[in-house]
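As stored in my_file_18.cif (mmCIF, C-alpha atoms and all ligand atoms):
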data_input
loop_
_atom_site.label_atom_id
_atom_site.label_comp_id
_atom_site.auth_asym_id
_atom_site.auth_seq_id
_atom_site.Cartn_x
_atom_site.Cartn_y
_atom_site.Cartn_z
CA MET A 1 -21.19 -12.35 11.87
CA LEU A 2 -21.62 -9.17 13.84
CA GLY A 3 -18.69 -6.81 13.42
CA ASN A 4 -17.07 -5.25 16.48
CA PHE A 5 -18.89 -2.23 17.83
CA GLU A 6 -19.42 0.21 20.65
CA TYR A 7 -22.88 1.12 21.81
CA SER A 8 -24.06 3.78 24.19
CA ASN A 9 -26.98 6.13 24.19
CA PRO A 10 -27.20 8.65 26.98
CA THR A 11 -30.70 10.07 26.33
CA LYS A 12 -33.20 9.55 29.12
CA LEU A 13 -36.66 8.98 27.63
CA TYR A 14 -39.99 9.81 29.19
CA PHE A 15 -42.85 8.26 27.24
CA GLY A 16 -46.60 8.57 27.58
CA GLU A 17 -49.58 10.83 28.08
CA ASP A 18 -48.25 12.34 31.30
CA SER A 19 -44.63 12.56 30.29
CA LEU A 20 -44.43 16.36 30.03
CA CYS A 21 -44.46 16.71 33.82
CA SER A 22 -41.08 14.93 33.80
CA LEU A 23 -39.69 18.38 33.08
CA ASN A 24 -40.02 18.80 36.85
CA LYS A 25 -37.40 16.06 37.28
CA GLU A 26 -35.06 17.26 34.55
CA LEU A 27 -35.10 21.07 34.64
CA PRO A 28 -33.60 21.40 38.15
CA LYS A 29 -30.46 19.64 36.88
CA TYR A 30 -29.56 22.58 34.62
CA GLY A 31 -28.82 26.30 35.01
CA LYS A 32 -31.29 29.14 35.34
CA THR A 33 -31.48 30.50 31.79
CA VAL A 34 -33.28 28.35 29.23
CA GLN A 35 -33.46 29.06 25.49
CA LEU A 36 -36.89 27.80 24.44
CA ILE A 37 -36.63 26.66 20.83
CA TYR A 38 -39.74 26.12 18.73
CA GLY A 39 -40.98 26.28 15.17
CA GLY A 40 -43.52 28.33 13.25
CA GLY A 41 -46.23 28.35 15.87
CA SER A 42 -47.97 24.95 15.95
CA ILE A 43 -47.18 24.66 19.67
CA LYS A 44 -49.00 27.92 20.35
CA LYS A 45 -52.12 26.68 18.55
CA ASN A 46 -52.28 23.28 20.22
CA GLY A 47 -51.49 24.47 23.75
CA ILE A 48 -48.15 22.71 24.21
CA TYR A 49 -46.37 26.09 24.49
CA ASP A 50 -48.52 27.13 27.47
CA GLN A 51 -47.94 23.83 29.25
CA VAL A 52 -44.18 24.03 28.75
CA MET A 53 -44.03 27.69 29.84
CA GLU A 54 -45.92 26.90 33.01
CA LEU A 55 -43.42 24.17 33.92
CA LEU A 56 -40.44 26.39 33.09
CA LYS A 57 -41.81 29.17 35.30
CA ALA A 58 -42.67 26.74 38.11
CA ASN A 59 -39.03 25.64 38.04
CA GLY A 60 -37.82 29.23 38.38
CA LYS A 61 -36.28 29.48 34.92
CA ILE A 62 -35.56 32.63 32.96
CA VAL A 63 -36.96 31.85 29.53
CA ILE A 64 -35.36 33.24 26.38
CA GLU A 65 -37.62 32.57 23.43
CA ASP A 66 -36.18 31.38 20.14
CA GLY A 67 -39.13 30.63 17.85
CA GLY A 68 -39.44 30.52 14.10
CA VAL A 69 -37.24 27.51 13.48
CA MET A 70 -38.26 26.52 9.97
CA PRO A 71 -38.56 22.99 8.62
CA ASN A 72 -35.09 22.18 7.27
CA PRO A 73 -33.36 24.81 9.49
CA THR A 74 -30.98 27.14 7.72
CA VAL A 75 -27.47 28.25 8.50
CA GLU A 76 -28.74 31.83 8.88
CA LYS A 77 -31.18 30.72 11.58
CA LEU A 78 -28.38 28.78 13.26
CA ARG A 79 -26.27 31.94 13.44
CA GLU A 80 -29.23 33.84 14.89
CA GLY A 81 -29.76 31.15 17.55
CA VAL A 82 -26.09 31.27 18.49
CA GLN A 83 -26.31 35.04 18.95
CA ILE A 84 -29.38 34.68 21.19
CA ALA A 85 -27.59 32.08 23.32
CA ARG A 86 -24.43 34.18 23.62
CA GLN A 87 -26.20 37.44 24.46
CA ASN A 88 -28.26 35.80 27.19
CA HIS A 89 -25.59 33.45 28.60
CA VAL A 90 -27.96 30.56 28.11
CA ASP A 91 -27.43 27.46 30.27
CA PHE A 92 -29.81 25.04 28.60
CA LEU A 93 -31.53 24.58 25.23
CA LEU A 94 -35.05 23.15 25.30
CA ALA A 95 -36.38 22.18 21.85
CA VAL A 96 -40.15 21.79 21.57
CA GLY A 97 -41.08 20.52 18.12
CA GLY A 98 -39.98 18.04 15.48
CA GLY A 99 -36.65 17.03 14.04
CA SER A 100 -35.99 20.54 12.79
CA CYS A 101 -36.12 22.06 16.29
CA CYS A 102 -34.16 19.20 17.85
CA ASP A 103 -31.48 19.29 15.12
CA TYR A 104 -31.23 23.07 15.35
CA ALA A 105 -30.85 22.91 19.14
CA LYS A 106 -27.95 20.47 18.75
CA ALA A 107 -26.31 22.67 16.11
CA VAL A 108 -26.63 25.71 18.40
CA SER A 109 -25.30 23.67 21.34
CA VAL A 110 -21.94 23.05 19.66
CA SER A 111 -21.68 26.56 18.21
CA VAL A 112 -22.33 28.91 21.16
CA HIS A 113 -18.78 28.58 22.51
CA CYS A 114 -17.14 27.80 19.19
CA ALA A 115 -14.65 30.41 17.99
CA GLU A 116 -14.94 29.37 14.34
CA ASP A 117 -17.79 29.49 11.83
CA PRO A 118 -19.98 26.47 12.64
CA TRP A 119 -20.98 25.81 9.02
CA GLU A 120 -17.36 25.60 7.91
CA LYS A 121 -16.21 23.63 10.93
CA TYR A 122 -19.00 21.08 11.36
CA TYR A 123 -20.66 20.86 7.94
CA ILE A 124 -17.85 21.43 5.46
CA ARG A 125 -14.82 20.10 7.36
CA PHE A 126 -16.84 17.63 9.50
CA GLU A 127 -14.72 18.40 12.56
CA GLU A 128 -15.79 17.44 16.06
CA PRO A 129 -16.56 20.08 18.68
CA ASP A 130 -13.66 21.11 20.86
CA CYS A 131 -15.49 23.71 22.94
CA GLU A 132 -17.97 23.70 25.81
CA ILE A 133 -21.34 22.25 24.67
CA VAL A 134 -24.62 23.66 25.96
CA PRO A 135 -26.90 20.78 27.03
CA VAL A 136 -30.08 20.06 25.05
CA GLY A 137 -33.44 18.54 26.01
CA CYS A 138 -36.36 17.79 23.67
CA VAL A 139 -40.13 17.73 23.86
CA LEU A 140 -41.16 15.96 20.68
CA THR A 141 -44.25 17.00 18.72
CA MET A 142 -43.53 15.48 15.29
CA VAL A 143 -42.42 11.90 14.81
CA GLY A 144 -39.96 10.62 12.23
CA THR A 145 -36.36 11.72 12.41
CA GLY A 146 -35.23 10.02 15.63
CA SER A 147 -33.45 13.29 16.43
CA GLU A 148 -34.71 13.01 20.03
CA MET A 149 -32.25 10.16 20.72
CA ASN A 150 -29.38 10.69 18.33
CA GLY A 151 -26.57 13.14 17.61
CA GLY A 152 -27.76 14.14 14.13
CA ALA A 153 -28.15 17.81 13.25
CA VAL A 154 -29.04 18.60 9.63
CA ILE A 155 -28.58 22.19 8.43
CA THR A 156 -29.40 23.71 5.04
CA ASN A 157 -27.30 26.32 3.28
CA HIS A 158 -29.45 27.70 0.44
CA ASP A 159 -26.70 29.95 -0.95
CA GLN A 160 -24.42 26.95 -1.40
CA LYS A 161 -27.32 24.64 -2.35
CA LEU A 162 -26.24 22.15 0.31
CA LYS A 163 -28.19 20.32 2.99
CA ILE A 164 -25.79 18.47 5.24
CA GLY A 165 -26.09 16.38 8.39
CA HIS A 166 -23.40 16.05 11.04
CA VAL A 167 -23.80 13.18 13.49
CA PHE A 168 -22.34 14.42 16.76
CA GLY A 169 -21.29 12.23 19.68
CA ASP A 170 -22.65 11.44 23.13
CA GLN A 171 -22.05 14.91 24.58
CA VAL A 172 -24.41 16.46 22.03
CA ILE A 173 -27.19 13.83 22.04
CA PRO A 174 -30.18 15.20 23.98
CA LYS A 175 -29.90 14.70 27.74
CA PHE A 176 -33.57 13.79 27.83
CA ALA A 177 -36.51 13.53 25.46
CA ILE A 178 -40.19 13.71 26.29
CA LEU A 179 -42.42 11.64 24.01
CA ASN A 180 -46.16 12.14 24.38
CA PRO A 181 -47.97 10.46 21.46
CA LYS A 182 -50.96 12.77 22.01
CA PHE A 183 -48.79 15.76 21.07
CA THR A 184 -48.63 14.32 17.55
CA PHE A 185 -52.42 14.19 17.05
CA THR A 186 -52.50 17.73 15.61
CA LEU A 187 -49.95 17.03 12.87
CA PRO A 188 -51.31 17.66 9.38
CA ARG A 189 -51.83 14.35 7.59
CA GLN A 190 -49.04 15.09 5.12
CA GLN A 191 -46.55 15.58 7.96
CA MET A 192 -47.71 12.42 9.69
CA THR A 193 -47.24 10.30 6.58
CA ALA A 194 -43.92 11.96 5.69
CA GLY A 195 -42.73 11.10 9.20
CA ILE A 196 -43.93 7.51 8.86
CA TYR A 197 -41.99 7.09 5.66
CA ASP A 198 -38.93 8.74 7.21
CA ILE A 199 -39.00 6.08 9.94
CA PHE A 200 -39.41 3.27 7.43
CA ASN A 201 -36.60 4.55 5.29
CA HIS A 202 -34.23 4.95 8.23
CA ILE A 203 -34.70 1.25 8.82
CA CYS A 204 -34.22 0.43 5.11
CA GLU A 205 -31.00 2.44 5.03
CA GLN A 206 -29.56 0.23 7.77
CA TYR A 207 -31.11 -3.03 6.50
CA PHE A 208 -30.16 -2.98 2.79
CA SER A 209 -26.46 -3.60 3.34
CA GLY A 210 -24.26 -6.48 4.41
CA GLU A 211 -24.74 -10.19 3.86
CA ASP A 212 -24.25 -11.60 7.34
CA ASP A 213 -26.77 -13.24 9.61
CA ASN A 214 -27.19 -10.31 11.91
CA THR A 215 -29.45 -9.69 14.90
CA SER A 216 -29.79 -6.04 13.87
CA ASP A 217 -31.58 -7.09 10.65
CA TYR A 218 -34.12 -9.16 12.59
CA ILE A 219 -34.83 -6.17 14.83
CA SER A 220 -35.23 -4.03 11.69
CA GLU A 221 -37.76 -6.43 10.20
CA ALA A 222 -39.85 -6.32 13.36
CA LEU A 223 -39.73 -2.52 13.43
CA MET A 224 -40.74 -2.31 9.76
CA LYS A 225 -43.71 -4.62 10.34
CA SER A 226 -44.82 -2.55 13.30
CA VAL A 227 -44.59 0.70 11.29
CA ILE A 228 -46.57 -0.75 8.36
CA HIS A 229 -49.27 -2.12 10.66
CA SER A 230 -49.64 1.01 12.80
CA SER A 231 -49.49 3.38 9.83
CA ARG A 232 -52.52 1.70 8.26
CA ILE A 233 -54.48 2.31 11.46
CA ALA A 234 -53.20 5.88 11.89
CA ILE A 235 -54.19 7.02 8.40
CA ARG A 236 -57.75 5.82 9.06
CA ASN A 237 -57.84 7.28 12.56
CA PRO A 238 -55.07 9.77 13.38
CA GLU A 239 -56.21 9.83 17.01
CA ASP A 240 -55.69 6.13 17.59
CA TYR A 241 -53.39 6.36 20.61
CA GLU A 242 -52.09 2.83 20.28
CA ALA A 243 -51.06 3.30 16.65
CA ARG A 244 -49.56 6.76 17.23
CA SER A 245 -47.63 5.54 20.26
CA ASN A 246 -46.22 2.55 18.37
CA ILE A 247 -45.16 4.84 15.53
CA MET A 248 -43.50 7.22 17.97
CA TRP A 249 -41.56 4.45 19.71
CA ALA A 250 -40.54 2.81 16.43
CA ALA A 251 -39.23 6.16 15.18
CA THR A 252 -36.91 6.49 18.14
CA TRP A 253 -35.52 2.96 17.72
CA ALA A 254 -35.20 3.33 13.96
CA LEU A 255 -32.51 5.96 14.36
CA ASN A 256 -30.87 5.78 17.75
CA THR A 257 -28.02 3.70 16.23
CA LEU A 258 -29.23 0.34 17.65
CA VAL A 259 -30.13 -1.34 14.35
CA SER A 260 -26.88 -0.34 12.66
CA ARG A 261 -24.63 -2.00 15.25
CA GLY A 262 -22.25 -4.59 13.90
CA LYS A 263 -23.08 -4.05 10.24
CA SER A 264 -22.55 -1.70 7.32
CA THR A 265 -25.23 0.82 6.34
CA ASP A 266 -26.33 2.38 3.07
CA TRP A 267 -27.87 5.89 3.52
CA MET A 268 -27.98 6.66 -0.23
CA VAL A 269 -31.71 7.48 -0.22
CA HIS A 270 -31.02 10.12 2.42
CA MET A 271 -28.12 11.51 0.41
CA PHE A 272 -30.44 11.89 -2.59
CA GLY A 273 -33.15 13.35 -0.35
CA GLN A 274 -30.86 15.90 1.26
CA SER A 275 -29.63 17.19 -2.07
CA VAL A 276 -33.21 17.39 -3.35
CA GLY A 277 -34.05 19.27 -0.15
CA ALA A 278 -31.28 21.79 -0.75
CA TYR A 279 -32.87 22.66 -4.11
CA THR A 280 -36.57 22.43 -3.26
CA ASP A 281 -36.82 22.90 0.54
CA ALA A 282 -39.38 20.06 0.37
CA THR A 283 -40.60 18.03 3.36
CA HIS A 284 -37.84 15.60 4.32
CA GLY A 285 -39.87 12.36 4.26
CA MET A 286 -41.27 13.20 0.83
CA THR A 287 -37.82 13.77 -0.64
CA LEU A 288 -37.09 10.18 0.40
CA SER A 289 -40.30 8.63 -0.90
CA ALA A 290 -39.81 10.30 -4.29
CA VAL A 291 -36.46 8.62 -4.97
CA SER A 292 -36.77 5.33 -3.06
CA LEU A 293 -38.28 2.96 -5.60
CA PRO A 294 -36.09 3.91 -8.57
CA TYR A 295 -33.08 3.54 -6.28
CA TYR A 296 -34.06 0.22 -4.74
CA ARG A 297 -35.09 -1.26 -8.10
CA TYR A 298 -31.69 -0.22 -9.45
CA ILE A 299 -29.62 -1.77 -6.65
CA MET A 300 -31.81 -4.86 -6.19
CA PRO A 301 -29.66 -7.16 -8.39
CA TYR A 302 -26.59 -6.28 -6.28
CA GLY A 303 -28.30 -7.26 -3.01
CA LEU A 304 -30.77 -9.81 -4.28
CA ASP A 305 -30.69 -12.07 -1.19
CA LYS A 306 -31.62 -9.21 1.12
CA PHE A 307 -34.37 -7.92 -1.18
CA ARG A 308 -35.77 -11.46 -1.34
CA ARG A 309 -35.65 -11.69 2.44
CA PHE A 310 -37.35 -8.28 2.72
CA ALA A 311 -40.18 -9.50 0.49
CA VAL A 312 -40.75 -12.70 2.46
CA ASN A 313 -40.11 -11.51 6.04
CA VAL A 314 -41.55 -8.00 5.90
CA TRP A 315 -44.25 -8.21 3.20
CA GLU A 316 -45.06 -11.91 3.60
CA VAL A 317 -44.71 -12.56 -0.11
CA ASP A 318 -45.43 -16.20 -0.98
CA ALA A 319 -42.15 -17.49 -2.41
CA GLY A 320 -43.56 -20.70 -3.88
CA GLY A 321 -42.57 -21.44 -7.49
CA LYS A 322 -40.99 -17.99 -8.08
CA SER A 323 -37.45 -16.94 -8.92
CA ASP A 324 -35.51 -14.84 -6.42
CA GLU A 325 -35.86 -11.86 -8.76
CA GLN A 326 -39.63 -12.26 -8.93
CA ILE A 327 -39.93 -12.55 -5.16
CA ALA A 328 -37.71 -9.49 -4.59
CA GLU A 329 -39.66 -7.42 -7.15
CA GLU A 330 -42.93 -8.46 -5.54
CA GLY A 331 -41.64 -7.17 -2.21
CA LEU A 332 -40.89 -3.78 -3.75
CA SER A 333 -44.33 -3.76 -5.39
CA CYS A 334 -45.92 -4.35 -1.97
CA MET A 335 -43.87 -1.47 -0.60
CA GLU A 336 -44.99 0.72 -3.50
CA GLY A 337 -48.64 -0.16 -2.83
CA TRP A 338 -48.26 0.75 0.84
CA MET A 339 -46.55 4.06 -0.03
CA LYS A 340 -49.45 4.93 -2.31
CA GLU A 341 -51.95 3.99 0.43
CA LEU A 342 -50.22 6.55 2.64
CA GLY A 343 -50.45 9.14 -0.12
CA LEU A 344 -46.71 9.77 -0.26
CA VAL A 345 -45.07 11.84 -2.97
CA MET A 346 -43.82 9.33 -5.55
CA ASN A 347 -41.81 11.57 -7.88
CA LEU A 348 -39.52 14.57 -7.72
CA GLY A 349 -41.62 16.69 -10.09
CA GLU A 350 -44.30 16.96 -7.41
CA LEU A 351 -41.72 18.50 -5.08
CA GLY A 352 -40.84 21.22 -7.56
CA ALA A 353 -37.69 19.63 -8.96
CA THR A 354 -37.09 20.21 -12.66
CA GLU A 355 -34.99 18.53 -15.32
CA GLU A 356 -32.59 21.52 -15.23
CA MET A 357 -31.97 21.02 -11.52
CA LEU A 358 -30.98 17.36 -11.77
CA GLY A 359 -27.31 17.92 -12.62
CA GLY A 360 -26.87 20.16 -9.58
CA ILE A 361 -28.81 17.75 -7.37
CA ALA A 362 -26.57 14.92 -8.57
CA ASP A 363 -23.46 16.98 -7.77
CA GLY A 364 -24.80 17.66 -4.25
CA THR A 365 -25.55 13.98 -3.59
CA LEU A 366 -22.83 12.51 -1.40
CA ILE A 367 -21.96 8.99 -2.56
CA MET A 368 -21.87 6.50 0.31
CA GLU A 369 -19.92 3.26 0.25
CA GLY A 370 -21.71 0.95 2.68
CA GLY A 371 -24.55 -0.32 0.50
CA TYR A 372 -24.81 -2.99 -2.18
CA LYS A 373 -23.60 -0.77 -5.02
CA VAL A 374 -21.29 2.23 -4.87
CA LEU A 375 -22.92 4.52 -7.41
CA THR A 376 -21.11 6.58 -10.00
CA ARG A 377 -22.18 10.16 -10.65
CA ASP A 378 -23.87 8.98 -13.88
CA GLU A 379 -25.86 6.37 -11.97
CA VAL A 380 -26.89 9.03 -9.45
CA LEU A 381 -28.13 11.20 -12.31
CA ASN A 382 -29.98 8.29 -13.95
CA ILE A 383 -31.77 7.45 -10.69
CA LEU A 384 -32.76 11.10 -10.32
CA LYS A 385 -34.08 11.12 -13.90
CA ALA A 386 -36.08 7.96 -13.20
CA SER A 387 -37.49 9.66 -10.09
CA LEU A 388 -38.59 12.81 -11.89
O1 LIG B 401 -42.95 24.77 12.80
P1 LIG B 401 -44.24 24.36 13.37
O2 LIG B 401 -45.29 25.40 13.35
O3 LIG B 401 -44.10 23.73 14.74
O4 LIG B 401 -44.84 23.21 12.39
C1 LIG B 401 -44.15 22.01 12.14
C2 LIG B 401 -43.50 21.97 10.76
O5 LIG B 401 -44.16 22.79 9.86
C3 LIG B 401 -45.16 20.91 12.04
N1 LIG B 401 -45.48 20.32 13.35
C4 LIG B 401 -44.63 19.71 14.20
N2 LIG B 401 -45.32 19.22 15.24
C5 LIG B 401 -46.61 19.53 15.05
C6 LIG B 401 -46.72 20.24 13.84
N3 LIG B 401 -47.90 20.69 13.37
C7 LIG B 401 -49.00 20.43 14.10
N4 LIG B 401 -48.97 19.73 15.26
C8 LIG B 401 -47.81 19.26 15.75
N5 LIG B 401 -47.80 18.53 16.88
O6 LIG B 401 -44.56 19.92 11.25
C9 LIG B 401 -43.72 20.55 10.29
C10 LIG B 401 -42.46 19.74 10.14
O7 LIG B 401 -41.68 19.78 11.31
P2 LIG B 401 -40.15 19.36 11.23
O8 LIG B 401 -39.57 19.44 12.58
O9 LIG B 401 -39.49 20.12 10.12
O10 LIG B 401 -40.24 17.82 10.73
P3 LIG B 401 -39.29 16.62 10.96
O11 LIG B 401 -39.43 16.08 12.33
O12 LIG B 401 -39.52 15.70 9.84
O13 LIG B 401 -37.80 17.21 10.85
C11 LIG B 401 -37.21 17.43 9.60
C12 LIG B 401 -35.75 17.83 9.74
O14 LIG B 401 -34.99 16.80 10.40
C13 LIG B 401 -33.90 16.39 9.56
C14 LIG B 401 -34.46 16.64 8.18
O15 LIG B 401 -33.46 16.66 7.17
C15 LIG B 401 -35.13 17.98 8.36
O16 LIG B 401 -34.19 19.03 8.30
N6 LIG B 401 -33.48 15.03 9.89
C16 LIG B 401 -32.82 14.81 11.04
C17 LIG B 401 -32.30 13.56 11.36
C18 LIG B 401 -31.56 13.29 12.60
N7 LIG B 401 -31.43 14.21 13.52
O17 LIG B 401 -31.05 12.18 12.76
C19 LIG B 401 -32.40 12.42 10.45
C20 LIG B 401 -33.45 12.58 9.41
O18 LIG B 401 -33.17 11.69 8.37
C21 LIG B 401 -33.57 13.98 8.88
O19 LIG B 401 -32.58 14.23 7.89
ZN ZN B 402 -34.72 10.76 7.52
#

Translate this file's structure into C-alpha cells.
Amino acid sequence: MLGNFEYSNPTKLYFGEDSLCSLNKELPKYGKTVQLIYGGGSIKKNGIYDQVMELLKANGKIVIEDGGVMPNPTVEKLREGVQIARQNHVDFLLAVGGGSCCDYAKAVSVSVHCAEDPWEKYYIRFEEPDCEIVPVGCVLTMVGTGSEMNGGAVITNHDQKLKIGHVFGDQVIPKFAILNPKFTFTLPRQQMTAGIYDIFNHICEQYFSGEDDNTSDYISEALMKSVIHSSRIAIRNPEDYEARSNIMWAATWALNTLVSRGKSTDWMVHMFGQSVGAYTDATHGMTLSAVSLPYYRYIMPYGLDKFRRFAVNVWEVDAGGKSDEQIAEEGLSCMEGWMKELGLVMNLGELGATEEMLGGIADGTLIMEGGYKVLTRDEVLNILKASL
C-alpha cells in the first residue's frame, strides 16, 4: 500500500542540445544582478562559460563572478559566496556546473539574508530558512546528484570532520534547470562513472526499504535498467548522445523525490559516503561504490524479498531451482560485475581512508531508520572495516 504523501516539484526543466538558449526565457524573470557560480574552470576550457556570458550580457545582466567552487563545497567557500552576494546586492544565483555548484548556490540562497551562522542553523540544528531566499537557476554540466531538481545542499566542514546535507523545501529548489547532454561529453571518465553510480545508488537508497507493493519500486526498477544499459554504451563511447541523454534524464528522476513517494527510504550508503567524504574529500560517487557491497550483503537477510526481486527484475537472474538467498546473492554479484566494468572504486583504501580513520568515520555516520536494518555503531564500524 502506498502511504499518504504530498508531491510537488517546482523546477522548470529545459532538456536537449539547444536548451541553453532557454536562458533567454528565464533570465528576464529575475533582477539585474546575477552571481555566476562555477567550479574550478572546466566551463572555461569547454566553452560553456563564453556561451553563458553572452546570454547574460544579451539579457542586460550585471554579472558578479563567483568561481572556484570545489567538489564537495566547504563551509568557508559558502561564507565567501554569501559575502559576494551581500556586497553586490545580488538578485539571482546562476550555477553552471555539477552538483557541487548547484548545492552551493542553494546554500548561498538561504544564507544571504540570514542573520545567523548558516552552518549552525541549517547543518547542525537542521532549521528551515526564515529569511528572504535568493532564487537559483542551474545549467548542468555533470550528471549524478539530481541537485538540479531537488532541494539538497551538501556542505563539508573539514575542521569538524563533517559533511552534511540539508534538504530544503520548494522555495529553495532551482527555479529552472538547463540539461544539455552534450555539456557532459567533456567529463573525465572517472567523473562520468562516479556520476553513473551516484544515480544508481540514489535509486537503491529509495528501493531497498519497505515491503509493500508500490508503484515507486516499479519506476525504480525501470530507471535502474535504463542506467545499466546506457552506462555500458557510454563507457565504450562517451559521445553517444542517446546514452548520455538517457543517463542525464535518469539522474534527474532518481533524486527529484518521485521514487520515494509513499514509501520509506534507506539512505545509509549515503550516510557512510558523506562521513568518508568528510575525512578523505573523495569523489562523492566513489565514496558510495566503496561501501555499497559490504553494506548490502550485510542487510540482505533483513530484506531478502526485495533483494530477490532486485536480482530477478533488474539483473534478470534466472530463479529456477535456487533458494531465495542464492537468487539475492546472484543479483548482488551481477551488480558487483557491472560496478567493476565501470571501473568504480571498490574499497575505501583506494580513497585514502586508513584503519585509524574508521572510528571517526563511524562516529560521523548518521544512522538512518527507514531501511531494513537499523544499524548499531558497532555494525557501522564492521561495515567500514569490510569496505577497507
Ligand atoms: O570544478 P570544475 O572545473 O567545473 O570540474 C568539475 C569537478 O572537478 C568536473 N566537471 C563538471 N562538469 C564538467 C567537469 N569536467 C569536465 N567537463 C564537464 N562538463 O567534475 C568534477 C566534479 O564536479 P561536482 O559538481 O563536484 O560533482 P557532482 O555533480 O558529483 O557533485 C558532488 C556534490 O554533490 C553532493 C555531493 O555530496 C558532493 O558534495 N550531492 C548532492 C546531492 C543533492 N543535491 O541532492 C545528492 C548527492 O547524493 C550528493 O551528496
Ligand atoms: Zn549521491

Out of A:Glu221, A:Glu26, A:Asp281, A:Asp324, which residue has the shortest atom-to-atom distance to ligand LIG 401 (chain B) when counting only C-alpha atoms and all ligand atoms?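 Ranked by minimum distance to ligand LIG 401 (chain B), first place goes to A:Asp281.
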
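With distances taken over all atoms listed in the file, A:Gly146 is the one residue among A:Pro10, A:Gly31, A:Gly146, A:Gly47 lying closest to ligand LIG 401 (chain B).
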
Non-local contacts of Ser42 in chain A (9 Å; all atoms listed in the file; under 6 positions in same chain excluded) as a count of residues only: 5

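Atom O9 of ligand LIG 401 (chain B) is found 5.6 Å from CA of Asn72 in chain A.
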
Hey, which residues come within 7 Å of ligand LIG 401 (chain B) if we count all atoms listed in the file? Could you give them as a ChimeraX atom specification? /A:38-43,46,68-73,97-101,103,141-147,150-155,165,183-188,191,195,198,202,255,270,274,283-285

Atom-to-atom span, CA of Met53 in chain A and CA of Pro28 in chain A, Å: 14.7 Å

Using all atoms listed in the file, pick whichever of A:Tyr122, A:Phe5, A:Trp249, A:Tyr241 has the shortest atom-to-atom distance to Lys182 in chain A. A:Tyr241

Would you pick out the contacts of range 349-357 of chain A at 12 Å or less, using all atoms listed in the file, so that residues sharing its chain but fewer than 2 positions from it are not included, and give the list as an mmCIF file with C-alpha atoms, in the frame of the given file?
data_model
loop_
_atom_site.group_PDB
_atom_site.id
_atom_site.type_symbol
_atom_site.label_atom_id
_atom_site.label_comp_id
_atom_site.auth_asym_id
_atom_site.auth_seq_id
_atom_site.Cartn_x
_atom_site.Cartn_y
_atom_site.Cartn_z
ATOM 1 C CA LYS A 161 -27.320 24.640 -2.350
ATOM 2 C CA GLY A 273 -33.150 13.350 -0.350
ATOM 3 C CA SER A 275 -29.630 17.190 -2.070
ATOM 4 C CA VAL A 276 -33.210 17.390 -3.350
ATOM 5 C CA GLY A 277 -34.050 19.270 -0.150
ATOM 6 C CA ALA A 278 -31.280 21.790 -0.750
ATOM 7 C CA TYR A 279 -32.870 22.660 -4.110
ATOM 8 C CA THR A 280 -36.570 22.430 -3.260
ATOM 9 C CA ASP A 281 -36.820 22.900 0.540
ATOM 10 C CA ALA A 282 -39.380 20.060 0.370
ATOM 11 C CA THR A 283 -40.600 18.030 3.360
ATOM 12 C CA HIS A 284 -37.840 15.600 4.320
ATOM 13 C CA GLY A 285 -39.870 12.360 4.260
ATOM 14 C CA MET A 286 -41.270 13.200 0.830
ATOM 15 C CA THR A 287 -37.820 13.770 -0.640
ATOM 16 C CA LEU A 288 -37.090 10.180 0.400
ATOM 17 C CA SER A 289 -40.300 8.630 -0.900
ATOM 18 C CA ALA A 290 -39.810 10.300 -4.290
ATOM 19 C CA VAL A 291 -36.460 8.620 -4.970
ATOM 20 C CA LEU A 344 -46.710 9.770 -0.260
ATOM 21 C CA VAL A 345 -45.070 11.840 -2.970
ATOM 22 C CA MET A 346 -43.820 9.330 -5.550
ATOM 23 C CA ASN A 347 -41.810 11.570 -7.880
ATOM 24 C CA GLY A 359 -27.310 17.920 -12.620
ATOM 25 C CA GLY A 360 -26.870 20.160 -9.580
ATOM 26 C CA ILE A 361 -28.810 17.750 -7.370
ATOM 27 C CA ALA A 362 -26.570 14.920 -8.570
ATOM 28 C CA ASP A 363 -23.460 16.980 -7.770
ATOM 29 C CA GLY A 364 -24.800 17.660 -4.250
ATOM 30 C CA LEU A 381 -28.130 11.200 -12.310
ATOM 31 C CA ASN A 382 -29.980 8.290 -13.950
ATOM 32 C CA LEU A 384 -32.760 11.100 -10.320
ATOM 33 C CA LYS A 385 -34.080 11.120 -13.900
ATOM 34 C CA ALA A 386 -36.080 7.960 -13.200
ATOM 35 C CA SER A 387 -37.490 9.660 -10.090
ATOM 36 C CA LEU A 388 -38.590 12.810 -11.890
#
